[in-house]
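The next block holds one structure in the form of structure tokens; read it before the comments.
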Amino acid sequence: MNKTQFIEYMASKTGFPVAHAEKILGAVLATIEDALFRDQRLTLRGLGTFEVRGVAARTGRNPRTGEAMQLEAYKTVRFRPAPAIRDYLE
């Protein structure tokens with residue numbers, strides 16, 4: 001399902017016009033983005049938890065040459081699904 005299909009599905013489930021559903025989804029995504037930019041954890045009960053995690057610097061290998069190289073530390077987003085979703089996926 002892509003974003004357009006998701007918006008259309010939201011509109012059909014809520015009875016809102018597609019334009020209104022699109023604005024709602026935009027606000028939700030902007031709120032999630034804002035929380036992550038501020039390094040806050042966001043928990044949506046029944047869906048899961050979004051959080052920013054740091055990945056430590058490490059030594060890796062260039063796959064082409066096999067040469068060792070230093071990989072810098074970085075941040076990434078982690079999503080942990082709620083228990084009901086996790087159980088369904090197992």
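By order in the structure tokens, chains are A, B, ...; within a chain, residues start at 1; ligands start at 1, following the order shown.
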Strand (DSSP E) positions in chain A, given as a VMD selection string: chain A and resid 42 to 44 48 to 55 58 to 61 68 to 71 74 to 81
Which residues come within 9 Å of segment 15-32 of chain A, counting only C-alpha atoms, excluding same-chain residues fewer than 6 positions away, as a list of chain:residue names?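 Everything that qualifies: A:Thr4, A:Ile7, A:Glu8, A:Tyr9, A:Leu42, A:Phe50.
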Just want the 9 Å neighbourhood of segment 71-75 of chain A, counted on only C-alpha atoms, with same-chain residues fewer than 5 positions away dropped. Output as a list in words.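 After dropping sequence-adjacent residues, the list is Val52, Arg53, Gly54, Val55, Ala56, Ala57, Arg58, Thr59 and Gly60 of chain A.
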Could you check how far atom CA of Phe37 of chain A sits from atom CA of Asn2 of chain A, in Å to one decimal? 23.9 Å
Helix (DSSP H, G or I) per DSSP on the backbone: members of chain A, as a ChimeraX atom specification: /A:3-14,18-37,83-89
Nearest residue to Ile85 of chain A from the set A:Thr14, A:Gln5, A:Gln40, A:Thr49 (distances using only C-alpha atoms):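 Among the listed residues, the smallest separation from Ile85 of chain A belongs to A:Thr49.
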Do a neighbour search on Leu47 of chain A at 10 Å with only C-alpha atoms, toss out local chain neighbours closer than 4 positions, and write the hits as an MDAnalysis selection string. chainID A and resid 43 79:86
Atom-to-atom span, atom CA of Ala35 of chain A and atom CA of Thr76 of chain A, Å: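 Computed distance, atom CA of Ala35 of chain A to atom CA of Thr76 of chain A, equals 13.5 Å.
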